[in-house]
file run28.txt (compact mmCIF, C-alpha atoms)
# COMPACT_ATOMS: atom_id res chain seq x y z
CA MET A 1 95.94 1.08 90.05
CA SER A 2 99.13 2.89 89.06
CA GLN A 3 102.61 1.56 89.61
CA ALA A 4 106.02 3.18 89.42
CA PRO A 5 108.72 1.53 87.31
CA SER A 6 111.00 -0.92 89.08
CA GLN A 7 113.47 1.06 91.19
CA SER A 8 115.09 1.13 94.62
CA VAL A 9 111.94 2.63 96.15
CA GLU A 10 108.77 1.54 94.40
CA ILE A 11 105.38 3.03 95.22
CA ILE A 12 102.21 1.14 94.31
CA THR A 13 99.09 3.30 94.42
CA LEU A 14 95.61 1.86 94.79
CA GLY A 15 92.38 3.84 94.78
CA CYS A 16 91.63 7.52 94.52
CA ARG A 17 93.30 10.64 93.17
CA LEU A 18 94.07 11.77 96.69
CA ASN A 19 96.15 8.62 97.13
CA THR A 20 97.92 9.43 93.85
CA TYR A 21 98.87 12.86 95.19
CA GLU A 22 99.97 11.46 98.54
CA SER A 23 102.12 8.85 96.81
CA GLU A 24 104.07 11.69 95.20
CA VAL A 25 104.56 13.26 98.64
CA MET A 26 105.87 9.92 99.91
CA ARG A 27 108.12 9.57 96.87
CA ALA A 28 109.72 12.94 97.62
CA HIS A 29 110.10 12.11 101.34
CA ALA A 30 111.63 8.70 100.58
CA GLN A 31 114.17 10.26 98.22
CA GLU A 32 115.11 12.98 100.68
CA ALA A 33 115.36 10.44 103.50
CA GLU A 34 117.54 8.18 101.29
CA LEU A 35 115.30 5.19 101.85
CA ASP A 36 116.31 2.31 99.61
CA ASN A 37 115.24 -1.22 98.68
CA ALA A 38 111.62 -0.67 99.68
CA VAL A 39 108.12 -1.10 98.31
CA ILE A 40 105.42 1.23 99.62
CA VAL A 41 101.85 0.05 99.03
CA ASN A 42 99.31 2.88 99.36
CA THR A 43 96.01 1.07 99.91
CA CYS A 44 92.33 1.88 99.39
CA ALA A 45 89.30 0.86 101.48
CA VAL A 46 86.38 2.23 99.50
CA THR A 47 84.94 -1.29 99.18
CA ARG A 48 85.63 -4.65 100.80
CA GLU A 49 87.02 -5.74 97.43
CA ALA A 50 89.56 -2.91 97.54
CA ALA A 51 90.99 -4.24 100.81
CA ARG A 52 91.20 -7.74 99.33
CA GLN A 53 93.05 -6.40 96.29
CA ALA A 54 95.47 -4.60 98.60
CA ARG A 55 96.45 -7.91 100.20
CA GLN A 56 96.92 -9.51 96.79
CA THR A 57 99.11 -6.61 95.73
CA ILE A 58 101.27 -6.96 98.85
CA ARG A 59 101.79 -10.68 98.24
CA ARG A 60 102.76 -10.06 94.60
CA ALA A 61 105.18 -7.34 95.68
CA ARG A 62 106.91 -9.74 98.08
CA ARG A 63 107.28 -12.36 95.34
CA ARG A 64 108.80 -9.79 92.98
CA ARG A 65 111.02 -8.13 95.59
CA PRO A 66 111.83 -10.84 98.17
CA ASP A 67 114.55 -8.76 99.84
CA ALA A 68 112.76 -5.41 99.87
CA ARG A 69 111.25 -3.71 102.90
CA ILE A 70 107.47 -3.61 102.38
CA ILE A 71 105.67 -0.66 103.95
CA VAL A 72 101.86 -0.65 103.85
CA THR A 73 99.85 2.53 104.28
CA GLY A 74 96.63 4.20 103.06
CA CYS A 75 93.01 3.85 104.13
CA ALA A 76 92.85 0.07 104.43
CA ALA A 77 95.96 0.13 106.63
CA GLN A 78 94.56 2.99 108.73
CA ILE A 79 91.27 1.20 109.33
CA ASP A 80 92.62 -2.31 109.96
CA PRO A 81 96.33 -2.02 110.76
CA ASP A 82 96.66 -5.22 112.77
CA SER A 83 95.47 -7.44 109.92
CA PHE A 84 98.13 -5.99 107.60
CA ALA A 85 100.81 -6.18 110.29
CA ALA A 86 99.94 -9.87 110.69
CA MET A 87 100.84 -10.57 107.06
CA PRO A 88 104.30 -12.19 106.90
CA GLU A 89 105.09 -10.15 103.79
CA VAL A 90 104.75 -6.81 105.61
CA ASN A 91 107.58 -5.08 107.47
CA GLN A 92 105.75 -1.99 108.64
CA VAL A 93 102.30 -0.37 108.64
CA LEU A 94 101.92 3.42 108.53
CA GLY A 95 98.75 5.40 109.10
CA ASN A 96 97.44 8.08 106.76
CA GLU A 97 98.96 10.83 108.91
CA GLU A 98 102.29 9.09 109.44
CA LYS A 99 102.84 8.39 105.73
CA LEU A 100 103.13 12.13 105.05
CA LYS A 101 106.00 12.69 107.53
CA ILE A 102 109.56 12.44 106.31
CA ALA A 103 110.64 10.88 109.61
CA SER A 104 108.68 7.74 108.69
CA PHE A 105 111.09 7.07 105.83
CA GLN A 106 114.45 8.01 107.28
CA LYS A 107 116.87 5.27 106.39
CA ASP A 108 118.59 5.12 109.77
CA ARG A 109 115.30 4.85 111.66
CA THR A 110 112.97 2.56 109.71
CA GLU A 111 114.41 -0.68 111.10
CA ASP A 112 114.07 0.56 114.68
CA LEU A 113 110.57 1.97 114.47
CA GLU A 114 107.59 0.03 115.77
CA ARG A 115 105.93 -2.31 113.30
CA VAL A 116 102.63 -0.42 113.41
CA ARG A 117 102.61 3.39 113.43
CA VAL A 118 98.95 4.38 113.14
CA ASN A 119 97.47 7.15 115.24
CA ASP A 120 93.83 8.09 115.94
CA ILE A 121 92.93 9.80 112.67
CA MET A 122 89.96 11.50 114.34
CA SER A 123 92.40 13.47 116.49
CA VAL A 124 93.98 15.16 113.45
CA ARG A 125 92.78 18.75 113.20
CA ARG A 126 94.79 20.15 110.29
CA THR A 127 95.79 19.07 106.80
CA ALA A 128 99.05 20.66 105.71
CA GLY A 129 99.89 21.50 102.14
CA HIS A 130 102.80 19.40 100.89
CA MET A 131 104.99 20.88 98.17
CA ILE A 132 105.86 18.59 95.28
CA ASP A 133 107.56 19.64 92.06
CA ALA A 134 105.77 17.33 89.65
CA MET A 135 103.76 14.12 89.32
CA ALA A 136 105.96 11.31 88.04
CA GLY A 137 105.33 10.70 84.36
CA ARG A 138 102.24 12.95 84.21
CA VAL A 139 101.23 16.18 82.51
CA ARG A 140 98.21 16.32 84.83
CA ALA A 141 98.96 17.01 88.49
CA PHE A 142 96.72 16.47 91.51
CA VAL A 143 96.66 18.99 94.35
CA GLN A 144 95.12 18.21 97.72
CA ILE A 145 92.83 20.96 99.01
CA GLN A 146 91.19 19.08 101.88
CA ASN A 147 91.05 15.73 103.64
CA GLY A 148 88.53 13.82 105.69
CA CYS A 149 84.74 13.99 105.83
CA ASP A 150 82.21 15.16 108.43
CA HIS A 151 79.33 13.22 106.86
CA ARG A 152 78.48 9.71 107.95
CA CYS A 153 76.89 7.96 104.99
CA THR A 154 75.69 4.57 106.17
CA PHE A 155 77.71 2.63 103.57
CA CYS A 156 81.00 4.52 103.89
CA ILE A 157 84.09 3.50 105.86
CA ILE A 158 86.30 6.34 104.59
CA PRO A 159 85.86 8.73 107.56
CA PHE A 160 87.52 6.02 109.69
CA GLY A 161 90.46 6.09 107.30
CA ARG A 162 90.66 9.83 106.72
CA GLY A 163 89.18 11.47 109.81
CA ASN A 164 87.03 14.58 109.97
CA ALA A 165 87.02 17.26 107.28
CA ARG A 166 89.92 19.72 107.32
CA SER A 167 91.08 22.13 104.64
CA VAL A 168 94.41 23.34 103.27
CA GLY A 169 94.77 27.14 103.36
CA ALA A 170 94.15 28.93 100.07
CA GLY A 171 97.63 30.46 100.06
CA GLU A 172 99.26 27.02 100.33
CA VAL A 173 97.05 25.66 97.55
CA VAL A 174 97.86 28.56 95.20
CA ALA A 175 101.58 28.28 95.95
CA GLN A 176 101.56 24.54 95.21
CA ILE A 177 99.72 25.02 91.92
CA ARG A 178 102.03 27.84 90.86
CA ARG A 179 105.03 25.60 91.56
CA LEU A 180 103.62 22.71 89.53
CA VAL A 181 102.64 24.96 86.60
CA ASP A 182 106.07 26.60 86.59
CA ASN A 183 107.54 23.10 86.34
CA GLY A 184 105.45 22.19 83.29
CA ALA A 185 102.09 20.91 84.52
CA ARG A 186 99.45 21.72 81.91
CA GLU A 187 96.46 20.63 83.95
CA ILE A 188 95.68 20.68 87.68
CA VAL A 189 93.04 18.56 89.41
CA LEU A 190 91.82 19.70 92.83
CA THR A 191 91.33 16.66 94.99
CA GLY A 192 90.27 15.60 98.47
CA VAL A 193 87.75 13.38 100.20
CA ASP A 194 84.85 15.86 100.22
CA ILE A 195 86.03 18.93 98.33
CA THR A 196 82.66 20.72 98.37
CA SER A 197 83.06 21.00 102.15
CA TYR A 198 86.22 23.03 101.57
CA GLY A 199 86.82 25.94 103.93
CA ALA A 200 84.19 25.26 106.60
CA ASP A 201 86.95 24.65 109.17
CA LEU A 202 89.09 27.67 108.20
CA PRO A 203 88.80 31.03 110.02
CA ALA A 204 87.19 32.99 107.17
CA LYS A 205 85.14 29.96 106.04
CA PRO A 206 85.98 30.36 102.33
CA THR A 207 83.98 28.24 99.89
CA LEU A 208 85.29 26.01 97.13
CA GLY A 209 84.09 28.61 94.63
CA ARG A 210 86.18 31.31 96.27
CA LEU A 211 89.23 29.04 96.25
CA VAL A 212 88.79 28.24 92.54
CA GLY A 213 88.43 31.95 91.80
CA LYS A 214 91.70 32.71 93.62
CA ILE A 215 93.53 29.96 91.75
CA LEU A 216 92.38 31.20 88.35
CA THR A 217 93.25 34.80 89.26
CA HIS A 218 96.64 34.22 90.88
CA VAL A 219 97.94 31.50 88.55
CA PRO A 220 97.16 33.10 85.17
CA ASN A 221 99.40 30.72 83.22
CA LEU A 222 97.43 27.67 84.44
CA GLN A 223 95.84 26.32 81.27
CA ARG A 224 93.36 23.75 82.56
CA LEU A 225 91.76 23.24 85.97
CA ARG A 226 89.61 20.27 86.96
CA LEU A 227 87.64 19.30 90.03
CA SER A 228 87.50 15.80 91.47
CA SER A 229 84.29 14.26 92.82
CA LEU A 230 81.65 16.79 93.92
CA ASP A 231 78.62 16.62 96.15
CA ALA A 232 76.29 18.55 93.81
CA VAL A 233 73.90 19.79 96.50
CA GLU A 234 76.82 21.53 98.25
CA VAL A 235 78.13 23.42 95.19
CA ASP A 236 78.15 27.11 96.15
CA ASP A 237 76.89 29.91 93.87
CA ALA A 238 80.38 31.22 93.12
CA LEU A 239 81.54 27.80 91.94
CA PHE A 240 78.42 27.27 89.84
CA ASP A 241 79.03 30.62 88.15
CA LEU A 242 82.66 29.76 87.41
CA ILE A 243 81.74 26.38 85.95
CA THR A 244 79.34 28.05 83.53
CA ARG A 245 81.59 30.87 82.30
CA GLU A 246 85.28 30.10 82.92
CA PRO A 247 86.92 28.35 79.92
CA ARG A 248 89.96 27.25 81.95
CA LEU A 249 87.68 25.30 84.31
CA MET A 250 87.09 22.12 82.36
CA PRO A 251 83.52 21.15 81.34
CA HIS A 252 83.55 17.80 83.14
CA LEU A 253 82.20 17.09 86.61
CA HIS A 254 82.19 13.82 88.50
CA LEU A 255 79.26 13.68 90.92
CA SER A 256 78.81 11.62 94.06
CA LEU A 257 75.21 10.52 93.41
CA GLN A 258 75.18 6.87 94.61
CA SER A 259 71.49 6.28 93.89
CA GLY A 260 68.53 7.67 91.98
CA ASP A 261 65.90 6.59 94.49
CA ASN A 262 64.86 8.93 97.29
CA MET A 263 64.22 6.22 99.87
CA ILE A 264 67.61 4.61 99.23
CA LEU A 265 69.28 8.04 99.39
CA LYS A 266 67.61 8.59 102.76
CA ARG A 267 68.79 5.21 104.03
CA MET A 268 72.28 6.06 102.79
CA LYS A 269 72.08 9.37 104.74
CA ARG A 270 72.88 11.33 101.59
CA ARG A 271 72.15 15.05 101.54
CA HIS A 272 70.43 15.32 98.16
CA THR A 273 67.29 14.02 96.50
CA ARG A 274 66.85 12.59 93.04
CA GLN A 275 65.35 15.89 91.86
CA ASN A 276 68.33 17.83 93.22
CA ALA A 277 70.61 15.80 90.94
CA VAL A 278 68.38 16.13 87.87
CA ASP A 279 67.96 19.89 88.35
CA PHE A 280 71.69 20.47 88.92
CA CYS A 281 72.69 18.68 85.73
CA ALA A 282 69.93 20.35 83.69
CA LYS A 283 70.91 23.87 84.85
CA LEU A 284 74.56 23.31 84.01
CA ARG A 285 73.80 21.78 80.60
CA ALA A 286 71.59 24.78 79.78
CA ALA A 287 74.40 27.20 80.69
CA ARG A 288 77.30 25.18 79.24
CA PRO A 289 75.95 22.65 76.72
CA GLU A 290 79.29 20.88 76.17
CA ILE A 291 79.60 19.81 79.81
CA ALA A 292 79.97 16.09 80.55
CA PHE A 293 78.97 14.38 83.79
CA GLY A 294 80.35 11.33 85.48
CA ALA A 295 78.93 9.78 88.63
CA ASP A 296 79.46 7.16 91.31
CA LEU A 297 76.52 4.76 91.61
CA ILE A 298 76.02 1.87 94.02
CA ALA A 299 74.21 -1.24 92.80
CA GLY A 300 72.28 -3.32 95.31
CA PHE A 301 72.33 -1.14 98.41
CA PRO A 302 70.52 -2.93 101.27
CA THR A 303 66.69 -2.94 100.91
CA GLU A 304 66.93 -1.85 97.24
CA SER A 305 63.87 -3.22 95.41
CA GLU A 306 63.62 -3.60 91.65
CA ALA A 307 61.58 -0.39 91.44
CA MET A 308 64.19 1.48 93.46
CA PHE A 309 66.92 0.16 91.20
CA GLU A 310 64.99 1.28 88.12
CA ASN A 311 65.02 4.81 89.54
CA THR A 312 68.82 4.70 89.56
CA LEU A 313 68.95 3.17 86.09
CA SER A 314 66.76 5.93 84.65
CA LEU A 315 68.82 8.61 86.42
CA ILE A 316 71.71 7.84 84.05
CA GLU A 317 69.53 8.92 81.13
CA GLU A 318 67.92 11.90 82.88
CA CYS A 319 71.25 13.36 84.02
CA HIS A 320 73.11 12.36 80.82
CA LEU A 321 75.79 10.55 82.82
CA THR A 322 78.60 9.80 80.40
CA TRP A 323 81.20 8.31 82.74
CA VAL A 324 79.51 5.95 85.21
CA HIS A 325 81.55 4.37 88.01
CA VAL A 326 79.46 1.48 89.32
CA PHE A 327 80.18 -0.05 92.71
CA PRO A 328 78.48 -3.35 93.50
CA PHE A 329 77.52 -2.97 97.17
CA SER A 330 79.73 -4.77 99.66
CA ALA A 331 79.18 -4.21 103.35
CA HIS A 332 81.92 -2.96 105.66
CA ALA A 333 81.40 -4.49 109.08
CA ARG A 334 81.75 -1.16 110.92
CA THR A 335 79.05 0.64 108.91
CA PRO A 336 75.30 0.87 109.62
CA ALA A 337 74.52 -0.50 106.14
CA ALA A 338 76.05 -3.84 107.17
CA ARG A 339 73.19 -4.28 109.63
CA MET A 340 70.44 -3.61 107.07
CA PRO A 341 68.66 -6.35 105.06
CA GLN A 342 71.07 -7.31 102.28
CA VAL A 343 70.33 -7.79 98.58
CA PRO A 344 71.40 -11.21 97.19
CA GLY A 345 74.84 -11.19 95.58
CA ALA A 346 73.60 -12.44 92.21
CA THR A 347 71.06 -9.61 92.09
CA ILE A 348 73.74 -7.03 92.93
CA LYS A 349 75.96 -8.35 90.15
CA ALA A 350 73.14 -8.27 87.59
CA ARG A 351 72.11 -4.74 88.56
CA ALA A 352 75.70 -3.50 88.35
CA ALA A 353 75.95 -4.91 84.83
CA ARG A 354 72.74 -3.15 83.78
CA LEU A 355 73.99 0.18 85.13
CA ARG A 356 77.26 -0.20 83.23
CA GLN A 357 75.38 -1.15 80.06
CA LYS A 358 73.19 1.96 80.31
CA GLY A 359 76.25 4.14 80.94
CA ALA A 360 77.99 2.65 77.91
CA ALA A 361 74.98 3.51 75.75
CA ILE A 362 75.01 7.14 76.90
CA LEU A 363 78.75 7.33 76.27
CA ALA A 364 78.40 5.87 72.76
CA ARG A 365 75.78 8.47 71.93
CA ARG A 366 78.01 11.31 73.09
CA LEU A 367 81.03 9.97 71.21
CA GLU A 368 79.04 9.64 68.01
CA LYS A 369 78.03 13.31 68.21
CA LYS A 370 81.70 14.33 68.44
CA ILE A 371 82.61 12.88 65.05
CA GLY A 372 83.39 15.69 62.59
CA GLN A 373 84.13 18.26 65.31
CA THR A 374 87.50 19.90 65.96
CA CYS A 375 88.47 19.76 69.62
CA ALA A 376 91.30 20.79 71.95
CA VAL A 377 93.34 17.84 73.21
CA LEU A 378 95.93 17.59 75.97
CA MET A 379 98.33 14.76 75.14
CA GLU A 380 99.11 12.51 78.12
CA LYS A 381 101.07 9.74 76.39
CA PRO A 382 102.58 9.51 72.90
CA ASN A 383 99.61 10.00 70.54
CA GLN A 384 97.07 9.65 73.37
CA GLY A 385 95.27 12.45 75.18
CA ARG A 386 91.98 13.79 76.49
CA LEU A 387 89.52 16.43 75.41
CA ASP A 388 88.48 19.13 77.86
CA ASP A 389 85.38 17.06 78.73
CA PHE A 390 87.75 14.20 79.71
CA THR A 391 87.00 12.05 76.65
CA PRO A 392 90.02 9.90 75.69
CA LEU A 393 91.40 10.43 72.19
CA ALA A 394 93.96 8.53 70.12
CA LEU A 395 95.68 10.25 67.20
CA ALA A 396 95.41 8.28 63.98
CA ARG A 397 97.57 10.77 62.08
CA GLY A 398 99.96 13.50 63.15
CA GLY A 399 102.03 12.44 66.15
CA ALA A 400 102.36 14.40 69.39
CA ALA A 401 104.42 14.05 72.55
CA PRO A 402 103.05 14.10 76.11
CA GLY A 403 102.30 17.64 77.27
CA ALA A 404 101.34 18.98 73.86
CA LEU A 405 98.10 20.98 73.77
CA LEU A 406 96.71 20.79 70.26
CA THR A 407 93.56 20.60 68.20
CA ALA A 408 92.35 17.47 66.46
CA LYS A 409 89.55 16.68 64.06
CA ILE A 410 87.44 13.77 65.29
CA VAL A 411 87.28 11.12 62.55
CA GLY A 412 85.97 8.09 64.43
CA ARG A 413 85.39 6.40 67.74
CA THR A 414 85.92 3.23 69.71
CA ASP A 415 83.70 1.87 72.49
CA ALA A 416 85.38 4.12 75.07
CA GLY A 417 86.99 7.03 73.22
CA LEU A 418 87.63 8.99 70.05
CA ILE A 419 89.99 8.82 67.09
CA GLY A 420 91.37 12.08 65.75
CA GLU A 421 93.74 13.67 63.28
CA ARG A 422 96.04 16.47 64.40
CA GLN A 423 95.19 19.88 62.97
CA THR A 424 97.85 22.10 64.59

call {"tool": "encode", "arguments": {"input": "run28.txt", "output": "structure tokens"}}
result
Amino acid sequence: MSQAPSQSVEIITLGCRLNTYESEVMRAHAQEAELDNAVIVNTCAVTREAARQARQTIRRARRRRPDARIIVTGCAAQIDPDSFAAMPEVNQVLGNEEKLKIASFQKDRTEDLERVRVNDIMSVRRTAGHMIDAMAGRVRAFVQIQNGCDHRCTFCIIPFGRGNARSVGAGEVVAQIRRLVDNGAREIVLTGVDITSYGADLPAKPTLGRLVGKILTHVPNLQRLRLSSLDAVEVDDALFDLITREPRLMPHLHLSLQSGDNMILKRMKRRHTRQNAVDFCAKLRAARPEIAFGADLIAGFPTESEAMFENTLSLIEECHLTWVHVFPFSAHARTPAARMPQVPGATIKARAARLRQKGAAILARRLEKKIGQTCAVLMEKPNQGRLDDFTPLALARGGAAPGALLTAKIVGRTDAGLIGERQT
């Protein structure tokens, strides 16, 4: 969760990088519309726990700002608007489409608008590019290239919050990135709900690889480009080639894997097999040995036996997954997985802990190998930054301000990152 400093309009962002980007769009709209004394809570619905945390956040916001207008939006609000509108702390609920329109925040209209403004997200056919000048307090900026998802994984509620897949035109994406880079952004992250589906809905059907190629060609002063979560089986040949040979495309990929067992993957309605994941990671490591992989994994999906779980546990080792995001399964009532035989809660919790423990061991091994190396670091906070493979680093000697791109010698590590000394 990220939170803006206390101010007339405060935006609290829960969940994904796409929400982070959209919060900046809302911030710009709220300023232009002269909205004041308001708290906007941008919610997440990726798990049942995320929706619960959203309600807690709203209640805390009301206690802190008893006189403020509280506006709730995001995926949880899109999926279940009436439950949020029923909260006494909430003044208004906006859908995921409505939150990106300046009219929703116009000062002279907000009091008169209906309490719930949430349309049918499945009726939305286009995702517009929204121009923002910078990301508040960040040297890394997120740029939306698509929204929504055409897949219907049996555990996932997000299509009901985001709608069907739709892409932002390449020209709009390039223009947005050029604007952010000209205003000082050192690193751009391409984000969306299902970015490997990029372009399928556009007239020329461009691929994600073609888009990345255009960005790197037409924004030559962009120093670092990252990709958010990928569906590895949908990575096109052009993108694979760029990942292996383009130094400005960072050697860190976060993969939507979810499980390492083929039967569970089938019951999830995923599009890849275990071997697809292993082969993808092996091919990329062979071509670009420094690459690091992260992954989303679900612990305790319905019907998961101990043997099936062990297949996911061993996948962490086989794919060398350094950054593991583990989600203990929690059923959304509107998903097919909710109607499958459930794994006991205590078993889910224990399996999630084992996945995290295995991921921590892989991370520790990678960090240990970095000691003694000299690496490029982008500073994000005073004396804190990240390597190109996304590893966090703290400077022990030789200070640096946010935005500095420098080299550091790795002299030690912690459980989750590295310690370095500035070299340049």

call {"tool": "closest_residue", "arguments": {"input": "run28.txt", "among": "A:Arg339, A:Ala54, A:Leu393, A:Asp82", "to": "Lys381 of chain A", "atoms": "only C-alpha atoms"}}
result
A:Leu393

call {"tool": "closest_residue", "arguments": {"input": "run28.txt", "among": "A:Cys281, A:Ala76, A:Gly345, A:Thr47", "to": "Gly161 of chain A", "atoms": "all atoms listed in the file"}}
result
A:Ala76

call {"tool": "atom_distance", "arguments": {"input": "run28.txt", "atom1": "atom CA of Val116 of chain A", "atom2": "atom CA of Ala337 of chain A"}}
result
29.0 Å

call {"tool": "residues_around", "arguments": {"input": "run28.txt", "residues": "Ile58 of chain A", "least_positions_apart": "6", "cutoff": "10 Å", "atoms": "all atoms listed in the file", "output": "PyMOL selection string"}}
result
chain A and resi 12+39-41+43+64+70-72+84+87+89-90

call {"tool": "residues_near_point", "arguments": {"input": "run28.txt", "point": "(75.8, 21.2, 85.2)", "cutoff": "10 Å", "atoms": "all atoms listed in the file", "output": "ChimeraX atom specification"}}
result
/A:232,240,243-244,251-253,277-293,319

call {"tool": "residues_around", "arguments": {"input": "run28.txt", "residues": "Met379 of chain A", "least_positions_apart": "3", "cutoff": "8 Å", "atoms": "only C-alpha atoms", "output": "count of residues only"}}
result
12

call {"tool": "closest_residue", "arguments": {"input": "run28.txt", "among": "A:Gly169, A:Gly294, A:Pro344, A:Gly74", "to": "Leu321 of chain A", "atoms": "only C-alpha atoms"}}
result
A:Gly294

call {"tool": "atom_distance", "arguments": {"input": "run28.txt", "atom1": "atom CA of Gln423 of chain A", "atom2": "atom CA of Met250 of chain A"}}
result
21.1 Å

call {"tool": "residues_around", "arguments": {"input": "run28.txt", "residues": "segment 298-309 of chain A", "least_positions_apart": "2", "cutoff": "8 Å", "atoms": "all atoms listed in the file", "output": "PyMOL selection string"}}
result
chain A and resi 258-261+263-264+296+311-313+326-329+337+340-343+347-349+351-352+355

call {"tool": "atom_distance", "arguments": {"input": "run28.txt", "atom1": "atom CA of Thr73 of chain A", "atom2": "atom CA of Cys44 of chain A"}}
result
9.0 Å

call {"tool": "residues_around", "arguments": {"input": "run28.txt", "residues": "Glu368 of chain A", "least_positions_apart": "4", "cutoff": "9 Å", "atoms": "all atoms listed in the file", "output": "VMD selection string"}}
result
chain A and resid 363 to 364 412 to 413 418

call {"tool": "residues_near_point", "arguments": {"input": "run28.txt", "point": "(100.3, 13.1, 101.0)", "cutoff": "7 Å", "atoms": "only C-alpha atoms", "output": "PyMOL selection string"}}
result
chain A and resi 21-23+25-26+100+130

call {"tool": "write_last_selection", "arguments": {"input": "run28.txt", "atoms": "C-alpha atoms", "output": "short mmCIF file (atom, residue, chain, number, x, y, z; two decimals), in the frame of the given file"}}
result
data_model
loop_
_atom_site.label_atom_id
_atom_site.label_comp_id
_atom_site.auth_asym_id
_atom_site.auth_seq_id
_atom_site.Cartn_x
_atom_site.Cartn_y
_atom_site.Cartn_z
CA TYR A 21 98.87 12.86 95.19
CA GLU A 22 99.97 11.46 98.54
CA SER A 23 102.12 8.85 96.81
CA VAL A 25 104.56 13.26 98.64
CA MET A 26 105.87 9.92 99.91
CA LEU A 100 103.13 12.13 105.05
CA HIS A 130 102.80 19.40 100.89
#

call {"tool": "residues_around", "arguments": {"input": "run28.txt", "residues": "Leu395 of chain A", "least_positions_apart": "4", "cutoff": "6 Å", "atoms": "only C-alpha atoms", "output": "PyMOL selection string"}}
result
chain A and resi 383+419-421

call {"tool": "write_last_selection", "arguments": {"input": "run28.txt", "atoms": "C-alpha atoms", "output": "PDB file, in the coordinates of the input"}}
result
ATOM      1  CA  ASN A 383      99.610  10.000  70.540  1.00  0.00           C
ATOM      2  CA  ILE A 419      89.990   8.820  67.090  1.00  0.00           C
ATOM      3  CA  GLY A 420      91.370  12.080  65.750  1.00  0.00           C
ATOM      4  CA  GLU A 421      93.740  13.670  63.280  1.00  0.00           C
TER       5      GLU A 421
END

call {"tool": "closest_residue", "arguments": {"input": "run28.txt", "among": "A:Asp201, A:Asp194, A:Glu172, A:Glu187", "to": "Asp231 of chain A", "atoms": "only C-alpha atoms"}}
result
A:Asp194

call {"tool": "closest_residue", "arguments": {"input": "run28.txt", "among": "A:Val143, A:Ala33, A:Leu211, A:Leu367", "to": "Thr414 of chain A", "atoms": "only C-alpha atoms"}}
result
A:Leu367

call {"tool": "closest_residue", "arguments": {"input": "run28.txt", "among": "A:Ala141, A:Leu208, A:Leu242, A:Leu180", "to": "Asn221 of chain A", "atoms": "only C-alpha atoms"}}
result
A:Leu180

call {"tool": "axis_aligned_box", "arguments": {"input": "run28.txt", "around": "segment 170-174 of chain A", "padding_each_side": "8 Å", "output": "lines of an AutoDock Vina configuration file"}}
result
center_x = 96.7
center_y = 28.1
center_z = 97.8
size_x = 21.1
size_y = 20.8
size_z = 21.1

call {"tool": "decode", "arguments": {"input": "run28.txt", "residues": "segment 370-403 of chain A", "atoms": "C-alpha atoms", "output": "short mmCIF file (atom, residue, chain, number, x, y, z; two decimals), in the first residue's frame"}}
result
data_model
loop_
_atom_site.label_atom_id
_atom_site.label_comp_id
_atom_site.auth_asym_id
_atom_site.auth_seq_id
_atom_site.Cartn_x
_atom_site.Cartn_y
_atom_site.Cartn_z
CA LYS A 370 26.46 -10.59 -5.76
CA ILE A 371 28.93 -9.78 -3.00
CA GLY A 372 32.15 -8.40 -4.48
CA GLN A 373 30.54 -7.35 -7.77
CA THR A 374 30.17 -3.77 -9.02
CA CYS A 375 26.64 -3.02 -10.16
CA ALA A 376 24.57 -0.16 -11.60
CA VAL A 377 22.07 1.25 -9.10
CA LEU A 378 19.14 3.62 -9.56
CA MET A 379 18.57 5.52 -6.32
CA GLU A 380 14.90 5.73 -5.31
CA LYS A 381 15.24 7.25 -1.83
CA PRO A 382 18.19 8.86 -0.04
CA ASN A 383 20.88 6.14 -0.01
CA GLN A 384 18.43 3.45 -1.16
CA GLY A 385 18.02 2.09 -4.68
CA ARG A 386 17.68 -0.97 -6.89
CA LEU A 387 19.94 -2.86 -9.24
CA ASP A 388 18.82 -3.51 -12.79
CA ASP A 389 17.59 -6.97 -11.70
CA PHE A 390 15.35 -5.21 -9.13
CA THR A 391 17.45 -6.18 -6.10
CA PRO A 392 17.18 -3.55 -3.32
CA LEU A 393 20.45 -1.93 -2.24
CA ALA A 394 21.36 0.35 0.66
CA LEU A 395 24.49 2.48 0.48
CA ALA A 396 26.75 2.02 3.48
CA ARG A 397 29.19 4.68 2.28
CA GLY A 398 28.95 7.47 -0.28
CA GLY A 399 25.57 9.17 -0.18
CA ALA A 400 23.28 9.68 -3.16
CA ALA A 401 20.01 11.49 -3.77
CA PRO A 402 16.90 9.99 -5.40
CA GLY A 403 17.24 9.83 -9.18
#
